[in-house]
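First comes the structure, then the notes that go with it.
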Number of protein chains: 2
Amino acid sequence: MNFSSKLLEQAVTEFGRLPGVGQKTALRLVLHLLKQPDADVSRFTETLDRLKREIRHCSICHNISDNPVCEICASYKRNKGLICIVEDTRDVMAIENTNQYHGVYHVLGGLISPMDGIGPSDLQIESLIKRLQAGEVHEVILALSATMEGDTTIFYLYKKLKQFGVQISTIARGIAFGGELEYVDEVTLGRSIATRVPYERSIA
Amino acid sequence: MNFSSKLLEQAVTEFGRLPGVGQKTALRLVLHLLKQPDADVSRFTETLDRLKREIRHCSICHNISDNPVCEICASYKRNKGLICIVEDTRDVMAIENTNQYHGVYHVLGGLISPMDGIGPSDLQIESLIKRLQAGEVHEVILALSATMEGDTTIFYLYKKLKQFGVQISTIARGIAFGGELEYVDEVTLGRSIATRVPYERSIA
């Protein structure tokens, strides 16, 4: 693109670094911000600066939190013996939205991915092991994505955690509620037949 | 969404104000920035702050520029007697990319749109009239979008500008190069038959 201004070009380059934002979208966003009142743009940049400077992670579960211990870990209503292991804070939000889970979480901060150079030591696994060593946990649920990285991480964690004698489960995989059989991919359909459940259990 | 942190929620709200960015995308962008080095995020916010503080518009054509007069208006190679009237800087970039135009520009900064409360006085029309009053211009090209707002603005400008005795033209409308007839909408096809050009001119 032929920019009429270096400053404009820099701003477009910065926006273009964001995931899923191409140069045309970046230019649209920058021109939008240029049309906004100064105060709105200052608030935008100040919020980002504050976020980066002040954001904290819960010292127990590593979820993003404003306090040293997050609301979920601090709640007496939560079952501290049940830990759900997730990739990031978005997964915590998704599971919280179901209103079906009353245990606590452990946020890994990523998945094992040799392609991206992310190994076990880059994730919050040491602190997870410490939580299990404390001895109060009776079950961990591995709620990770059904991708190669997710499966690799599940396998690694299973081998690491089984020594503690806790129950280790993974979330059920199969066809989605409302899903029509003919549109389900073969792998999912095949596995969901292989891992079929007795009808009485499925309506429990 | 159930945010685990007020700061996170604020940042997502700010990103969500951008056009075309929903809450889920905003959260993805914010979590991406959180994973970046501090220096990258500072550079992002500083660039935006500088952009908003230091951006200038060319005093002649109102295009975004780092200098008081933009490169195009300052170039002795450009035909100052031919002005192309466009909505914003994106249109200047698009036309410059064609390498077909050697006149200068006039950036209106928007289109007349009663729905959005944008009237002629919100656009750079007064300064356009001053340029024509100087008497050096022999032709203006109205290169505005083929939308209701574009057509309204063209009609308004035509009435305002014809008193100056300059030639007023609009960019050609019709089927795009490479376009197949059966996929062209009826209005475009009908108009492109009504405004057909002699073959000799079409290959000029």
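Every chain in the structure tokens has a letter given in the order shown (A, B, ...), and although residue numbers restart at 1 in each chain, ligands are simply numbered from 1 in the order shown.
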
>> Can you tell me which residues surround Asp88 (chain A) at a distance of at most 9 Å, considering only C-alpha atoms, apart from same-chain residues fewer than 4 positions away, and format the answer as a PyMOL selection string?
In response: chain A and resi 63-64+92+106-110

Please produce a file of those selected residues containing N, CA, C and O atoms, as a short mmCIF file (atom, residue, chain, number, x, y, z; two decimals), in the first residue's frame.
```
data_model
loop_
_atom_site.label_atom_id
_atom_site.label_comp_id
_atom_site.auth_asym_id
_atom_site.auth_seq_id
_atom_site.Cartn_x
_atom_site.Cartn_y
_atom_site.Cartn_z
N ASN A 63 -5.38 -18.36 36.64
CA ASN A 63 -6.35 -17.65 35.80
C ASN A 63 -6.11 -16.15 35.95
O ASN A 63 -5.58 -15.69 36.96
N ILE A 64 -6.49 -15.37 34.93
CA ILE A 64 -6.37 -13.92 35.01
C ILE A 64 -7.27 -13.42 36.13
O ILE A 64 -8.42 -13.85 36.24
N VAL A 92 -12.00 -21.20 30.87
CA VAL A 92 -12.64 -21.02 32.18
C VAL A 92 -13.98 -20.32 31.99
O VAL A 92 -15.01 -20.74 32.53
N HIS A 106 -7.35 -25.16 36.85
CA HIS A 106 -5.92 -24.92 36.74
C HIS A 106 -5.64 -24.51 35.30
O HIS A 106 -5.89 -25.29 34.37
N VAL A 107 -5.17 -23.29 35.10
CA VAL A 107 -4.94 -22.75 33.76
C VAL A 107 -3.49 -22.99 33.35
O VAL A 107 -2.57 -22.45 33.96
N LEU A 108 -3.30 -23.81 32.31
CA LEU A 108 -1.94 -24.17 31.88
C LEU A 108 -1.23 -23.01 31.20
O LEU A 108 0.00 -22.93 31.22
N GLY A 109 -2.00 -22.15 30.53
CA GLY A 109 -1.38 -21.04 29.80
C GLY A 109 -0.92 -21.44 28.41
O GLY A 109 -0.13 -20.75 27.78
N GLY A 110 -1.43 -22.56 27.91
CA GLY A 110 -1.05 -23.00 26.56
C GLY A 110 -1.14 -24.52 26.48
O GLY A 110 -1.62 -25.18 27.41
#
```

> Can you list, as a PyMOL selection string, every protein, DNA or RNA residue that comes within 9 Å of Tyr158 (chain B) when you count only C-alpha atoms, leaving out same-chain residues fewer than 4 positions away?
Replying inline: chain B and resi 142+153-154+162+168

>> Taking 5 positions as the minimum chain separation for residues in the same chain, which residues sit within 8 Å of region 28-36 of chain B when counting only C-alpha atoms? Answer as a count of residues only.
In response: 9

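Each of B:Ile83, B:Leu161, B:Val140, B:Ile95 was checked against chain A using only C-alpha atoms; the smallest atom-to-atom distance is that of B:Ile95.
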
Neighbouring residues of region 120-136 of chain B were defined as those with any atom within 9 Å, considering only C-alpha atoms; residues of the same chain fewer than 2 positions away were excluded. Please report them as a CSV table (one decimal) with N, CA, C and O atoms, in the first residue's frame.
```
chain,number,residue,atom,x,y,z
B,60,ILE,N,-4.0,21.8,1.4
B,60,ILE,CA,-4.6,22.0,0.1
B,60,ILE,C,-5.7,20.9,-0.1
B,60,ILE,O,-6.9,21.2,-0.3
B,61,CYS,N,-5.4,19.6,-0.1
B,61,CYS,CA,-6.3,18.6,-0.5
B,61,CYS,C,-6.9,17.8,0.7
B,61,CYS,O,-7.8,17.0,0.5
B,62,HIS,N,-6.4,18.1,1.9
B,62,HIS,CA,-7.0,17.5,3.2
B,62,HIS,C,-6.7,16.0,3.3
B,62,HIS,O,-7.3,15.3,4.1
B,80,LYS,N,-2.1,20.3,-11.8
B,80,LYS,CA,-2.9,21.0,-10.8
B,80,LYS,C,-4.3,21.4,-11.3
B,80,LYS,O,-5.1,21.9,-10.6
B,81,GLY,N,-4.5,21.3,-12.6
B,81,GLY,CA,-5.7,21.7,-13.2
B,81,GLY,C,-6.8,20.7,-13.2
B,81,GLY,O,-7.9,20.9,-13.6
B,82,LEU,N,-6.4,19.5,-12.7
B,82,LEU,CA,-7.4,18.4,-12.7
B,82,LEU,C,-7.5,17.9,-11.2
B,82,LEU,O,-6.5,17.4,-10.6
B,85,ILE,N,-12.1,14.3,-6.8
B,85,ILE,CA,-12.8,14.4,-5.5
B,85,ILE,C,-13.1,13.1,-4.9
B,85,ILE,O,-13.8,12.3,-5.6
B,106,HIS,N,-8.9,16.0,-3.9
B,106,HIS,CA,-9.5,16.7,-2.9
B,106,HIS,C,-10.3,15.7,-2.0
B,106,HIS,O,-11.2,15.1,-2.5
B,107,VAL,N,-9.9,15.6,-0.7
B,107,VAL,CA,-10.5,14.6,0.1
B,107,VAL,C,-11.6,15.3,1.0
B,107,VAL,O,-11.4,16.2,1.8
B,108,LEU,N,-12.9,14.8,0.7
B,108,LEU,CA,-14.0,15.4,1.4
B,108,LEU,C,-14.1,15.1,2.9
B,108,LEU,O,-14.6,15.8,3.7
B,109,GLY,N,-13.6,13.9,3.3
B,109,GLY,CA,-13.6,13.5,4.7
B,109,GLY,C,-15.0,12.8,5.0
B,109,GLY,O,-15.3,12.7,6.2
B,110,GLY,N,-15.7,12.4,4.0
B,110,GLY,CA,-17.0,11.7,4.2
B,110,GLY,C,-17.9,12.0,3.1
B,110,GLY,O,-17.5,12.5,2.0
B,111,LEU,N,-19.2,11.5,3.2
B,111,LEU,CA,-20.2,11.7,2.2
B,111,LEU,C,-21.4,12.3,2.9
B,111,LEU,O,-21.6,12.1,4.1
B,112,ILE,N,-22.2,13.1,2.2
B,112,ILE,CA,-23.4,13.6,2.7
B,112,ILE,C,-24.4,12.4,3.1
B,112,ILE,O,-24.6,11.6,2.3
B,113,SER,N,-24.8,12.4,4.4
B,113,SER,CA,-25.6,11.3,4.8
B,113,SER,C,-26.5,11.8,5.9
B,113,SER,O,-26.2,11.8,7.1
B,118,ILE,N,-24.7,13.7,8.8
B,118,ILE,CA,-23.5,14.4,8.1
B,118,ILE,C,-24.1,15.2,7.0
B,118,ILE,O,-24.6,14.7,6.0
B,138,HIS,N,-9.4,23.1,-14.5
B,138,HIS,CA,-10.3,23.1,-15.7
B,138,HIS,C,-11.2,21.9,-15.6
B,138,HIS,O,-12.2,21.8,-16.3
B,153,THR,N,-24.1,13.1,-2.7
B,153,THR,CA,-23.0,14.0,-2.6
B,153,THR,C,-22.6,14.5,-4.0
B,153,THR,O,-22.3,15.7,-4.2
B,156,TYR,N,-25.2,17.1,-5.1
B,156,TYR,CA,-24.9,18.4,-4.4
B,156,TYR,C,-23.7,19.1,-4.9
B,156,TYR,O,-23.8,20.3,-5.2
B,157,LEU,N,-22.6,18.4,-5.1
B,157,LEU,CA,-21.4,19.0,-5.6
B,157,LEU,C,-21.6,19.6,-7.1
B,157,LEU,O,-21.1,20.6,-7.4
B,160,LYS,N,-23.3,22.8,-6.9
B,160,LYS,CA,-22.4,23.8,-6.3
B,160,LYS,C,-21.3,24.3,-7.3
B,160,LYS,O,-20.9,25.4,-7.3
B,161,LEU,N,-20.8,23.3,-8.1
B,161,LEU,CA,-19.6,23.5,-8.8
B,161,LEU,C,-19.8,24.0,-10.3
B,161,LEU,O,-18.9,24.6,-10.9
B,164,PHE,N,-18.7,27.4,-11.8
B,164,PHE,CA,-17.3,27.8,-12.1
B,164,PHE,C,-16.9,27.5,-13.5
B,164,PHE,O,-15.7,27.7,-13.9
B,166,VAL,N,-16.1,24.8,-14.9
B,166,VAL,CA,-15.1,23.7,-15.1
B,166,VAL,C,-15.9,22.5,-15.6
B,166,VAL,O,-17.1,22.3,-15.4
```

> Using only C-alpha atoms, which chain A residues lie at most 6 Å away from chain B, written as a PyMOL selection string?
Replying inline: chain A and resi 2+4-5+7+11+14+44-45+47+51+65-66+93

Export, as a tab-separated table (two decimals), in the first residue's frame, the selected residues with C-alpha atoms.
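Saved file out.tsv follows:
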```tsv
chain	number	residue	atom	x	y	z
A	2	ASN	CA	1.05	3.56	-0.78
A	4	SER	CA	0.52	9.28	2.36
A	5	SER	CA	1.93	9.41	5.90
A	7	LEU	CA	2.66	7.79	11.00
A	11	ALA	CA	-0.23	2.56	13.01
A	14	GLU	CA	0.92	-2.19	14.48
A	44	PHE	CA	-8.31	2.88	24.54
A	45	THR	CA	-4.52	3.13	24.80
A	47	THR	CA	-6.69	0.70	29.17
A	51	LEU	CA	-3.95	-4.09	31.37
A	65	SER	CA	-7.48	-12.11	38.12
A	66	ASP	CA	-7.46	-8.65	39.72
A	93	MET	CA	-15.21	-18.50	30.94
```

>> Please identify the helix (DSSP H, G or I) residues within region 87-153 of chain A (assignment by DSSP from backbone atoms) and present them as a ChimeraX atom specification.
In response: /A:89-98,114-116,120-122,126-133,148-153

>> Give me, as a list in words, the residues of chain A that a backbone DSSP run labels strand (DSSP E).
In response: Arg56, His57, Ile64, Ser65, Asn79, Lys80, Gly81, Leu82, Ile83, Cys84, Ile85, Val86, Gly103, Val104, Tyr105, His106, Val107, Glu139, Val140, Ile141, Leu142, Gln167, Ile168, Ser169 and Thr170 of chain A

> Which neighbours of Arg173 (chain B) fall inside 9 Å, counting only C-alpha atoms, when residues of the same chain fewer than 6 positions from it are skipped, and could you give them as a count of residues only?
Replying inline: 5

> Residues at most 12 Å from Gly174 (chain B), counting only C-alpha atoms, excluding those fewer than 5 positions away in the same chain, as a list of chain:residue names?
Replying inline: B:Ala146, B:Gly179, B:Glu180, B:Leu181, B:Val184, B:Asp185, B:Glu186, B:Val187, B:Thr188, B:Leu189, B:Gly190, B:Arg191, B:Ser192, B:Ile193, B:Ala194, B:Thr195, B:Arg196, B:Val197

File dump, residues just selected, C-alpha atoms, as a compact mmCIF listing (two decimals), in the first residue's frame:
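To be explicit, this is the file written out as again05.txt:
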```txt
# COMPACT_ATOMS: atom_id res chain seq x y z
CA ALA B 146 -21.92 4.24 -6.17
CA GLY B 179 -16.99 -9.73 -14.84
CA GLU B 180 -19.38 -12.25 -16.39
CA LEU B 181 -22.67 -10.82 -17.62
CA VAL B 184 -23.96 -8.70 -12.90
CA ASP B 185 -26.90 -7.12 -11.04
CA GLU B 186 -29.76 -5.76 -13.16
CA VAL B 187 -29.24 -2.09 -12.30
CA THR B 188 -25.57 -2.11 -13.28
CA LEU B 189 -26.24 -4.10 -16.44
CA GLY B 190 -29.18 -1.90 -17.46
CA ARG B 191 -27.22 1.31 -16.88
CA SER B 192 -24.15 -0.02 -18.66
CA ILE B 193 -26.29 -0.65 -21.76
CA ALA B 194 -27.88 2.80 -21.52
CA THR B 195 -24.47 4.45 -21.17
CA ARG B 196 -22.74 2.30 -23.82
CA VAL B 197 -19.64 3.78 -25.43
```
